[in-house]
Structure formats: C-alpha cells, structure tokens
file final08.txt (compact mmCIF, C-alpha atoms)
# COMPACT_ATOMS: atom_id res chain seq x y z
CA MET A 1 10.55 11.92 -26.81
CA ASP A 2 12.59 9.23 -25.07
CA ARG A 3 10.16 7.48 -22.73
CA ARG A 4 12.63 4.85 -21.56
CA ARG A 5 13.22 4.81 -17.84
CA GLY A 6 16.54 5.69 -16.26
CA ALA A 7 18.68 3.49 -14.05
CA ASP A 8 17.30 1.78 -10.94
CA PRO A 9 17.06 4.48 -8.20
CA SER A 10 18.26 2.06 -5.52
CA LEU A 11 21.42 1.33 -7.51
CA LEU A 12 22.03 5.06 -8.05
CA VAL A 13 21.70 5.70 -4.30
CA LEU A 14 24.14 2.88 -3.51
CA ILE A 15 26.66 4.21 -6.04
CA SER A 16 26.31 7.70 -4.59
CA LEU A 17 26.85 6.47 -1.02
CA ALA A 18 29.85 4.40 -2.11
CA ALA A 19 31.74 7.71 -2.27
CA GLY A 20 30.84 8.49 1.36
CA PRO A 21 27.86 9.29 3.62
CA LYS A 22 25.31 11.79 2.27
CA HIS A 23 21.90 13.19 3.17
CA GLY A 24 18.95 13.25 0.75
CA HIS A 25 19.69 16.50 -1.05
CA ALA A 26 23.38 15.68 -1.45
CA ILE A 27 22.42 12.30 -2.96
CA LEU A 28 20.10 14.03 -5.46
CA ILE A 29 22.86 16.43 -6.57
CA ASP A 30 25.44 13.64 -6.80
CA VAL A 31 23.16 11.34 -8.82
CA GLU A 32 22.29 14.13 -11.23
CA ARG A 33 25.99 14.88 -11.66
CA PHE A 34 27.28 11.35 -12.28
CA ALA A 35 24.21 9.77 -13.95
CA GLY A 36 22.48 12.76 -15.51
CA GLN A 37 19.26 11.57 -13.88
CA ARG A 38 17.13 13.69 -11.57
CA LEU A 39 15.39 11.59 -8.93
CA GLY A 40 12.11 12.88 -7.52
CA PRO A 41 11.89 13.24 -3.71
CA GLY A 42 9.39 10.37 -3.44
CA THR A 43 11.47 8.11 -5.66
CA LEU A 44 14.60 8.89 -3.62
CA TYR A 45 12.95 8.14 -0.28
CA GLY A 46 11.26 5.03 -1.70
CA ALA A 47 14.74 3.78 -2.56
CA ILE A 48 16.22 4.85 0.79
CA GLU A 49 13.43 3.07 2.68
CA ARG A 50 13.90 -0.18 0.72
CA LEU A 51 17.69 -0.09 1.09
CA GLU A 52 17.42 0.59 4.81
CA GLN A 53 14.95 -2.27 5.28
CA ASP A 54 17.35 -4.58 3.42
CA ALA A 55 20.17 -3.36 5.72
CA LEU A 56 22.21 -2.19 2.71
CA ILE A 57 22.40 1.37 4.08
CA GLU A 58 22.06 2.85 7.57
CA PRO A 59 21.28 6.32 8.93
CA LEU A 60 23.83 8.38 10.81
CA PRO A 61 22.88 10.89 13.52
CA ALA A 62 20.82 13.74 12.01
CA GLU A 63 22.41 17.13 11.39
CA ASP A 64 19.60 19.66 11.85
CA ARG A 65 16.83 17.80 10.08
CA ARG A 66 19.13 16.25 7.47
CA THR A 67 19.85 12.58 8.07
CA PRO A 68 22.99 11.29 6.34
CA TYR A 69 23.11 7.66 5.20
CA ARG A 70 26.06 5.39 4.61
CA LEU A 71 26.62 1.99 3.06
CA THR A 72 26.73 -0.97 5.43
CA GLU A 73 29.25 -3.78 4.91
CA GLU A 74 26.43 -5.82 3.38
CA GLY A 75 25.60 -2.88 1.10
CA THR A 76 29.20 -2.55 -0.06
CA ARG A 77 29.35 -6.28 -0.81
CA TYR A 78 26.00 -6.18 -2.62
CA LEU A 79 27.02 -3.19 -4.74
CA GLY A 80 30.31 -4.89 -5.68
CA ASP A 81 28.51 -8.09 -6.74
CA ARG A 82 25.91 -6.19 -8.71
CA VAL A 83 28.46 -4.04 -10.52
CA SER A 84 30.48 -7.16 -11.43
CA LYS A 85 27.40 -8.80 -12.93
CA MET A 86 26.52 -5.62 -14.82
CA GLN A 87 30.07 -5.41 -16.11
CA ARG A 88 29.92 -8.99 -17.43
CA LEU A 89 26.58 -8.27 -19.12
CA ALA A 90 27.93 -5.02 -20.57
CA GLU A 91 30.95 -6.87 -22.03
CA ILE A 92 28.71 -9.49 -23.61
CA ALA A 93 26.40 -6.82 -25.01
CA ARG A 94 29.33 -4.79 -26.38
CA ALA A 95 30.83 -7.87 -28.08
CA ARG A 96 27.50 -8.77 -29.66
CA VAL A 97 26.78 -5.23 -30.84
CA GLN A 98 30.22 -4.95 -32.43
CA SER A 99 30.09 -8.37 -34.15
CA MET B 1 5.03 24.17 -5.64
CA ARG B 2 6.49 23.45 -2.19
CA ARG B 3 3.12 24.21 -0.59
CA GLY B 4 1.53 21.60 -2.85
CA ILE B 5 4.14 19.03 -1.83
CA ARG B 6 3.73 19.91 1.85
CA PHE B 7 -0.01 19.39 1.51
CA LEU B 8 0.56 16.00 -0.16
CA LEU B 9 2.83 15.06 2.75
CA THR B 10 -0.06 15.46 5.18
CA LEU B 11 -1.75 12.59 3.32
CA TYR B 12 1.21 10.23 3.90
CA PRO B 13 0.87 7.36 6.42
CA ARG B 14 1.65 8.54 9.95
CA ALA B 15 4.18 5.79 10.62
CA TRP B 16 6.17 6.77 7.55
CA LEU B 17 6.06 10.47 8.50
CA ALA B 18 7.24 9.63 12.03
CA ARG B 19 10.32 7.95 10.59
CA TYR B 20 11.13 10.03 7.49
CA GLY B 21 8.92 13.14 7.77
CA ASP B 22 11.53 15.60 9.11
CA GLU B 23 14.31 14.73 6.71
CA PHE B 24 11.88 14.48 3.77
CA THR B 25 10.50 17.95 4.55
CA GLN B 26 14.06 19.25 4.78
CA LEU B 27 14.79 17.75 1.35
CA ILE B 28 11.77 19.55 -0.08
CA ASP B 29 13.08 22.81 1.43
CA ASP B 30 16.63 22.20 0.11
CA ALA B 31 15.85 21.23 -3.48
CA PRO B 32 14.08 23.40 -6.06
CA ALA B 33 10.64 21.84 -6.57
CA THR B 34 9.25 21.13 -10.03
CA PRO B 35 5.78 20.00 -11.21
CA ALA B 36 7.34 16.55 -11.77
CA ASP B 37 8.27 16.50 -8.05
CA VAL B 38 4.64 17.11 -7.08
CA PHE B 39 3.59 14.12 -9.19
CA ASP B 40 6.47 12.05 -7.80
CA VAL B 41 5.52 12.80 -4.18
CA ALA B 42 1.83 12.05 -4.88
CA ARG B 43 2.75 8.75 -6.58
CA HIS B 44 5.04 7.74 -3.70
CA GLY B 45 2.39 8.59 -1.09
CA LEU B 46 -0.21 6.55 -2.97
CA ALA B 47 2.22 3.62 -3.24
CA LEU B 48 2.80 3.76 0.54
CA HIS B 49 -0.95 3.63 1.21
CA VAL B 50 -1.49 0.78 -1.27
CA ARG B 51 1.38 -1.20 0.31
CA ARG B 52 0.01 -0.59 3.80
CA ALA B 53 -3.53 -1.57 2.79
CA SER B 54 -2.35 -4.73 1.03
CA ARG B 55 -0.29 -5.76 4.09
CA THR B 56 -3.33 -5.23 6.31
CA ALA B 57 -5.52 -7.27 3.95
CA VAL B 58 -2.99 -10.13 3.87
CA ARG B 59 -2.79 -10.11 7.69
CA LEU B 60 -6.59 -10.16 8.05
CA VAL B 61 -6.98 -12.99 5.53
CA SER B 62 -4.18 -14.95 7.23
CA LEU B 63 -5.73 -14.37 10.65
CA GLY B 64 -9.14 -15.44 9.33
CA GLY B 65 -7.56 -18.56 7.87
CA ILE B 66 -5.84 -19.43 11.14
CA ILE B 67 -9.06 -18.99 13.15
CA MET B 68 -11.08 -21.04 10.66
CA ARG B 69 -8.54 -23.86 10.57
CA SER B 70 -8.25 -24.04 14.35
CA GLN B 71 -12.02 -24.48 14.85
CA PRO B 72 -13.49 -26.20 11.76
CA GLN B 73 -16.39 -27.81 13.66
CA ARG B 74 -17.52 -24.49 15.09
CA PHE B 75 -17.65 -23.03 11.61
CA ALA B 76 -19.62 -26.09 10.45
CA MET B 77 -22.13 -25.51 13.28
CA PHE B 78 -22.39 -21.86 12.27
CA GLY B 79 -22.99 -23.07 8.71
CA ALA B 80 -25.74 -25.37 10.01
CA ALA B 81 -27.42 -22.42 11.71
CA VAL B 82 -27.25 -20.42 8.49
CA LEU B 83 -28.65 -23.36 6.50
CA LEU B 84 -31.40 -24.28 8.96
CA PRO B 85 -34.21 -21.87 7.87
CA THR B 86 -33.83 -22.74 4.18
CA ALA B 87 -33.47 -26.48 4.87
CA ALA B 88 -36.46 -26.47 7.25
CA LEU B 89 -38.63 -24.64 4.76
CA ILE B 90 -37.75 -27.06 1.96
CA GLY B 91 -38.05 -30.11 4.23
CA LEU B 92 -41.50 -29.13 5.48
CA ALA B 93 -42.66 -28.22 1.95
CA LEU B 94 -41.55 -31.66 0.73
CA LEU B 95 -43.34 -33.24 3.70
CA LYS B 96 -46.55 -31.46 2.70
CA TYR B 97 -46.48 -31.73 -1.09
CA VAL B 98 -44.71 -35.10 -1.50
CA ALA B 99 -45.57 -37.05 1.66
CA GLY B 100 -48.94 -35.42 2.28
CA VAL B 101 -48.19 -34.36 5.88
CA ALA B 102 -49.40 -30.78 5.81
CA ALA B 103 -49.62 -29.80 9.47
CA PRO B 104 -46.00 -28.73 10.15
CA PHE B 105 -45.76 -26.63 6.97
CA ASP B 106 -49.18 -25.05 7.54
CA ALA B 107 -48.11 -24.17 11.08
CA ILE B 108 -45.10 -22.12 9.98
CA GLU B 109 -46.48 -20.77 6.69
CA PRO B 110 -48.14 -17.62 8.12
CA ALA B 111 -44.89 -16.62 9.81
CA MET B 112 -42.68 -17.53 6.84
CA THR B 113 -44.69 -15.97 4.02
CA PRO B 114 -43.65 -12.32 4.69
CA LEU B 115 -40.02 -13.42 4.92
CA VAL B 116 -40.04 -15.54 1.78
CA THR B 117 -41.84 -12.94 -0.33
CA HIS B 118 -39.59 -10.05 0.76
CA PRO B 119 -36.69 -9.54 -1.70
CA LEU B 120 -34.11 -9.40 1.10
CA GLY B 121 -35.51 -12.47 2.86
CA GLU B 122 -35.64 -14.36 -0.43
CA THR B 123 -32.04 -13.45 -1.19
CA ILE B 124 -30.85 -14.54 2.26
CA LEU B 125 -32.71 -17.87 2.04
CA THR B 126 -31.35 -18.46 -1.48
CA LEU B 127 -27.73 -17.68 -0.61
CA ALA B 128 -27.81 -19.57 2.72
CA PRO B 129 -26.77 -23.00 1.34
CA TYR B 130 -23.78 -21.51 -0.48
CA LEU B 131 -22.65 -19.62 2.62
CA ALA B 132 -23.15 -22.75 4.74
CA LEU B 133 -21.09 -24.75 2.23
CA ALA B 134 -18.29 -22.20 2.40
CA LEU B 135 -18.35 -22.24 6.22
CA ALA B 136 -18.16 -26.04 6.27
CA VAL B 137 -15.51 -26.47 3.56
CA LEU B 138 -13.13 -23.48 3.77
CA PRO B 139 -11.76 -24.32 7.27
CA VAL B 140 -10.75 -27.83 6.16
CA VAL B 141 -9.20 -27.06 2.80
CA ARG B 142 -5.45 -26.69 2.42
CA GLY B 143 -4.29 -25.20 -0.82
CA GLY B 144 -1.15 -23.70 -2.24
CA VAL B 145 0.55 -22.61 -5.44
CA ARG B 146 4.31 -22.71 -6.01
CA TRP B 147 6.91 -22.65 -8.75
CA ASP B 148 8.72 -25.94 -9.19
CA HIS B 149 11.42 -26.22 -11.88
CA GLY B 150 9.71 -23.66 -14.07
CA GLN B 151 6.23 -25.10 -13.63
CA LEU B 152 3.32 -23.71 -11.67
CA VAL B 153 2.22 -26.45 -9.25
CA GLY B 154 -1.07 -26.25 -7.36
CA THR B 155 -1.91 -28.46 -4.39
CA LEU B 156 -5.27 -28.99 -2.72
CA SER B 157 -5.97 -31.25 0.23
CA LEU B 158 -9.01 -31.78 2.43
CA SER B 159 -9.08 -33.13 5.97
CA ALA B 160 -12.60 -32.77 7.31
CA PRO B 161 -14.32 -33.70 10.60
CA ALA B 162 -17.66 -35.54 10.19
CA ALA B 163 -19.67 -32.43 11.11
CA ASN B 164 -18.15 -30.48 8.23
CA ILE B 165 -18.81 -33.31 5.77
CA VAL B 166 -22.46 -33.59 6.85
CA ILE B 167 -23.11 -29.84 6.66
CA ALA B 168 -21.33 -29.60 3.30
CA ALA B 169 -23.41 -32.49 1.91
CA LEU B 170 -26.66 -30.97 3.24
CA SER B 171 -25.75 -27.58 1.78
CA ILE B 172 -25.06 -29.11 -1.63
CA ALA B 173 -28.33 -31.07 -1.49
CA VAL B 174 -30.37 -27.98 -0.59
CA ALA B 175 -28.63 -25.87 -3.24
CA LEU B 176 -29.18 -28.56 -5.90
CA PHE B 177 -32.84 -28.90 -4.94
CA MET B 178 -33.31 -25.14 -5.25
CA VAL B 179 -31.64 -25.06 -8.67
CA VAL B 180 -33.73 -27.98 -9.96
CA TYR B 181 -36.90 -26.40 -8.53
CA TRP B 182 -36.05 -23.02 -10.13
CA LEU B 183 -35.38 -24.66 -13.50
CA GLY B 184 -38.67 -26.56 -13.26
CA GLU B 185 -40.58 -23.35 -12.50
CA ASN B 186 -38.88 -21.12 -15.07
CA LEU B 187 -38.10 -23.35 -18.08
call {"tool": "encode", "arguments": {"input": "final08.txt", "output": "structure tokens"}}
result
Amino acid sequence: MDRRRGADPSLLVLISLAAGPKHGHAILIDVERFAGQRLGPGTLYGAIERLEQDALIEPLPAEDRRTPYRLTEEGTRYLGDRVSKMQRLAEIARARVQS
Amino acid sequence: MRRGIRFLLTLYPRAWLARYGDEFTQLIDDAPATPADVFDVARHGLALHVRRASRTAVRLVSLGGIIMRSQPQRFAMFGAAVLLPTAALIGLALLKYVAGVAAPFDAIEPAMTPLVTHPLGETILTLAPYLALALAVLPVVRGGVRWDHGQLVGTLSLSAPAANIVIAALSIAVALFMVVYWLGENL
C-alpha cells in the first residue's frame, strides 16, 4: 500500500481556483479530476481557511449556501512564484534521475 | 454517514461554524460521504479545538507575563506573605533550639502543631519557599530563544528591585535550610 501523502491541499485549491471561481464541491471534483486526489471535507476547508487568512483567496457572494472562492491578485502572484520554483526543482530532479 | 458527519459538526468551535458552517454543511450534502470523510471531519474538528486552546493558553501566559512584569514588587510582597509562615516557624525554632529563647516558639507551638502535622499543611509549608522564589524572580526575568545564522541562541537577563532580591534570597535560604535539615534527619 502506498502510504505517501498527496500534494499540498492548499496548492491544489489554488491551482483549481486559477481556472476560475468555484465553491467547495466544485473544487473537490476539479482536484480529483486534474490531480487524481480526493480531498476530505475537513482537509478542503482547512486549506480554504488558511488561504483566506493569508489573503490568497477571497469569498464571493453565496449562491444558496454554496460560497464560491476566487484567487486574489496576491494569490495569483503566489501561485505563479510557487509553480516556478517547483518547475526549477522538477528540472533539477529530472536531470539527476536521468544522469 | 452524513448523519455521523453532521453530528461531528456540532462539536466544532462555534466561531468556525458561524463563518463556514452553512457552506460546509452544503458540501457534505453535495458530495457522497465515505468513512474516510468521517475521519477527516473528526480530525479537522479536533485540530480546530487544539489550535483554539493553544491560542488561548498563549494569550493567558502572555497576559500573566505582562501583569507580572508591570508589578514585580507586588509579586515579591505576595511571595513574602507566602513565605512568612514557613520562615517564622523556622526562625522561632532556631531561636529556641540554637539561641535558647524558647518563649516565642512555645507560644505558637500549640496552634502550629495541627497544621505542621497535617499532610496538606506540611506540603504547603514545604512548597512555600519555592513558590515565594518563583513569585520574586519570574517577574524580573527576561528570557528568549531565537535562531541566529543557523544557531539556537538563548538570552537571559535579570533586572530586579531590592524587594525581589531580598525575598528571593530569603526563599533560597529557607529552602536550603529545609533541605539540610531533612538530610540530617533522614540520612
């Protein structure tokens, strides 16, 4: 059994919201589709709470009881920086694995 | 499964539920719930409570530190009051058995004997010098730990009013006397 943990839930939420505003259930479906990782409800809202406190995402007016979230400008910048760093690390790792 | 999750939600902190409760409940209704989700919701709720409790503890400790540091002499006087019964008992005993002046000790002995022989009274009198020392010293100690260029650096400074120094010295003297006396009686 593979007991290794999946990707950071906060990063997955940011990547999901980079495609446009979404509410909780839509984020879960999107993350499962693009990352193959099913986030639990508590894990998802733990990530949402942290990202909102860090002003990386913000809520939009609720539709029924579903509250959509979107990336803030700070969140977009943060995600771009983080992806660039990950890309550099991935290139280094790939080069070392292949050598 | 959903009923289990809804029950767990009632155990969440109220402030969190006020902010996220509606949308979280809607998410539970929208998504098919699994046993793993029940565990996930329980773990998240526990984490929220632990975080809240730790924040409260940090605030209380910080507040206690601020109050102690703003009034160090008052805490020293409180320490003196805590130390007084033990110090008086030892002082009068020394006066009787070392200096030969028995009257003061004999005067208080009938009143003190039930207290000294009771386990709780004995414990209080024994711990008093250590508590008094803490009350005299803690308000005047500044300490900190920080990372500096990859090294853990600890700092400790002491800026004490005379009252705190006197009470601390008396507390140490009483505690030392009690330790030496106990060793002499038991070894």
call {"tool": "closest_atom_pairs", "arguments": {"input": "final08.txt", "of": "chain B", "to": "chain A", "cutoff": "9 Å", "atoms": "all atoms listed in the file", "output": "tab-separated table"}}
result
residue	atom	partner	partner_atom	distance
B:Tyr20	CA	A:Tyr45	CA	8.2
B:Asp22	CA	A:Arg65	CA	5.8
B:Glu23	CA	A:Arg66	CA	5.1
B:Phe24	CA	A:Pro41	CA	7.6
B:Thr25	CA	A:Arg65	CA	8.4
B:Gln26	CA	A:Arg65	CA	6.2
B:Leu27	CA	A:His25	CA	5.6
B:Ile28	CA	A:Pro41	CA	7.3
B:Asp30	CA	A:His25	CA	6.6
B:Ala31	CA	A:His25	CA	6.6
B:Ala36	CA	A:Gly40	CA	7.4
B:Asp37	CA	A:Gly40	CA	5.3
B:Val38	CA	A:Gly40	CA	8.6
B:Phe39	CA	A:Gly40	CA	8.8
B:Asp40	CA	A:Gly42	CA	5.5
B:Val41	CA	A:Gly42	CA	4.6
B:Ala42	CA	A:Gly42	CA	7.9
B:Arg43	CA	A:Gly42	CA	7.5
B:His44	CA	A:Gly42	CA	5.1
B:Gly45	CA	A:Gly42	CA	7.6
B:Leu48	CA	A:Gly46	CA	8.8
call {"tool": "atom_distance", "arguments": {"input": "final08.txt", "atom1": "atom CA of A:Ile27", "atom2": "atom CA of A:Leu14"}}
result
9.6 Å
call {"tool": "closest_residue", "arguments": {"input": "final08.txt", "among": "A:Arg50, A:Arg82, A:Arg70, A:Arg77", "to": "A:Ser10", "atoms": "all atoms listed in the file"}}
result
A:Arg50
call {"tool": "residues_around", "arguments": {"input": "final08.txt", "residues": "B:Ala175", "least_positions_apart": "5", "cutoff": "10 Å", "atoms": "all atoms listed in the file", "output": "ChimeraX atom specification"}}
result
/B:86-87,126-130,133,169-170,180-181
call {"tool": "atom_distance", "arguments": {"input": "final08.txt", "atom1": "atom CA of B:Asp148", "atom2": "atom CA of B:Met68"}}
result
28.5 Å
call {"tool": "closest_residue", "arguments": {"input": "final08.txt", "among": "A:Gln98, A:Gly75, A:Tyr69, A:Leu17", "to": "A:Asp54", "atoms": "only C-alpha atoms"}}
result
A:Gly75
call {"tool": "atom_distance", "arguments": {"input": "final08.txt", "atom1": "atom CA of B:Ala163", "atom2": "atom CA of B:Met112"}}
result
27.7 Å
call {"tool": "closest_residue", "arguments": {"input": "final08.txt", "among": "A:Glu32, A:Glu91, A:Lys85, A:Ala47", "to": "A:Asp8", "atoms": "all atoms listed in the file"}}
result
A:Ala47
call {"tool": "closest_residue", "arguments": {"input": "final08.txt", "among": "A:Arg96, A:Pro21, A:Gly80, A:Leu12", "to": "A:Ile57", "atoms": "only C-alpha atoms"}}
result
A:Pro21
call {"tool": "residues_near_point", "arguments": {"input": "final08.txt", "point": "(-39.0, -29.7, 10.4)", "cutoff": "12 Å", "atoms": "only C-alpha atoms", "output": "NGL selection string"}}
result
:B and (84-96 or 101-108)
call {"tool": "residues_around", "arguments": {"input": "final08.txt", "residues": "B:Ile167", "least_positions_apart": "4", "cutoff": "9 Å", "atoms": "all atoms listed in the file", "output": "PyMOL selection string"}}
result
chain B and resi 76-77+79-80+83+132-133+135-137+162-163+171-172
call {"tool": "residues_around", "arguments": {"input": "final08.txt", "residues": "stretch 49-58 of chain B", "least_positions_apart": "2", "cutoff": "12 Å", "atoms": "all atoms listed in the file", "output": "PyMOL selection string"}}
result
(chain A and resi 46) or (chain B and resi 11-16+42-47+60-65)
call {"tool": "closest_residue", "arguments": {"input": "final08.txt", "among": "B:Ala160, B:Leu8, B:Ile165, B:Val153", "to": "B:Val141", "atoms": "only C-alpha atoms"}}
result
B:Ala160
call {"tool": "closest_residue", "arguments": {"input": "final08.txt", "among": "B:Phe177, B:Phe75, B:Trp147, B:Phe7", "to": "B:Ala134", "atoms": "all atoms listed in the file"}}
result
B:Phe75
call {"tool": "residues_around", "arguments": {"input": "final08.txt", "residues": "A:Val31", "least_positions_apart": "5", "cutoff": "7 Å", "atoms": "all atoms listed in the file", "output": "list in words"}}
result
Leu12, Ser16, Gly36 and Gln37 of chain A
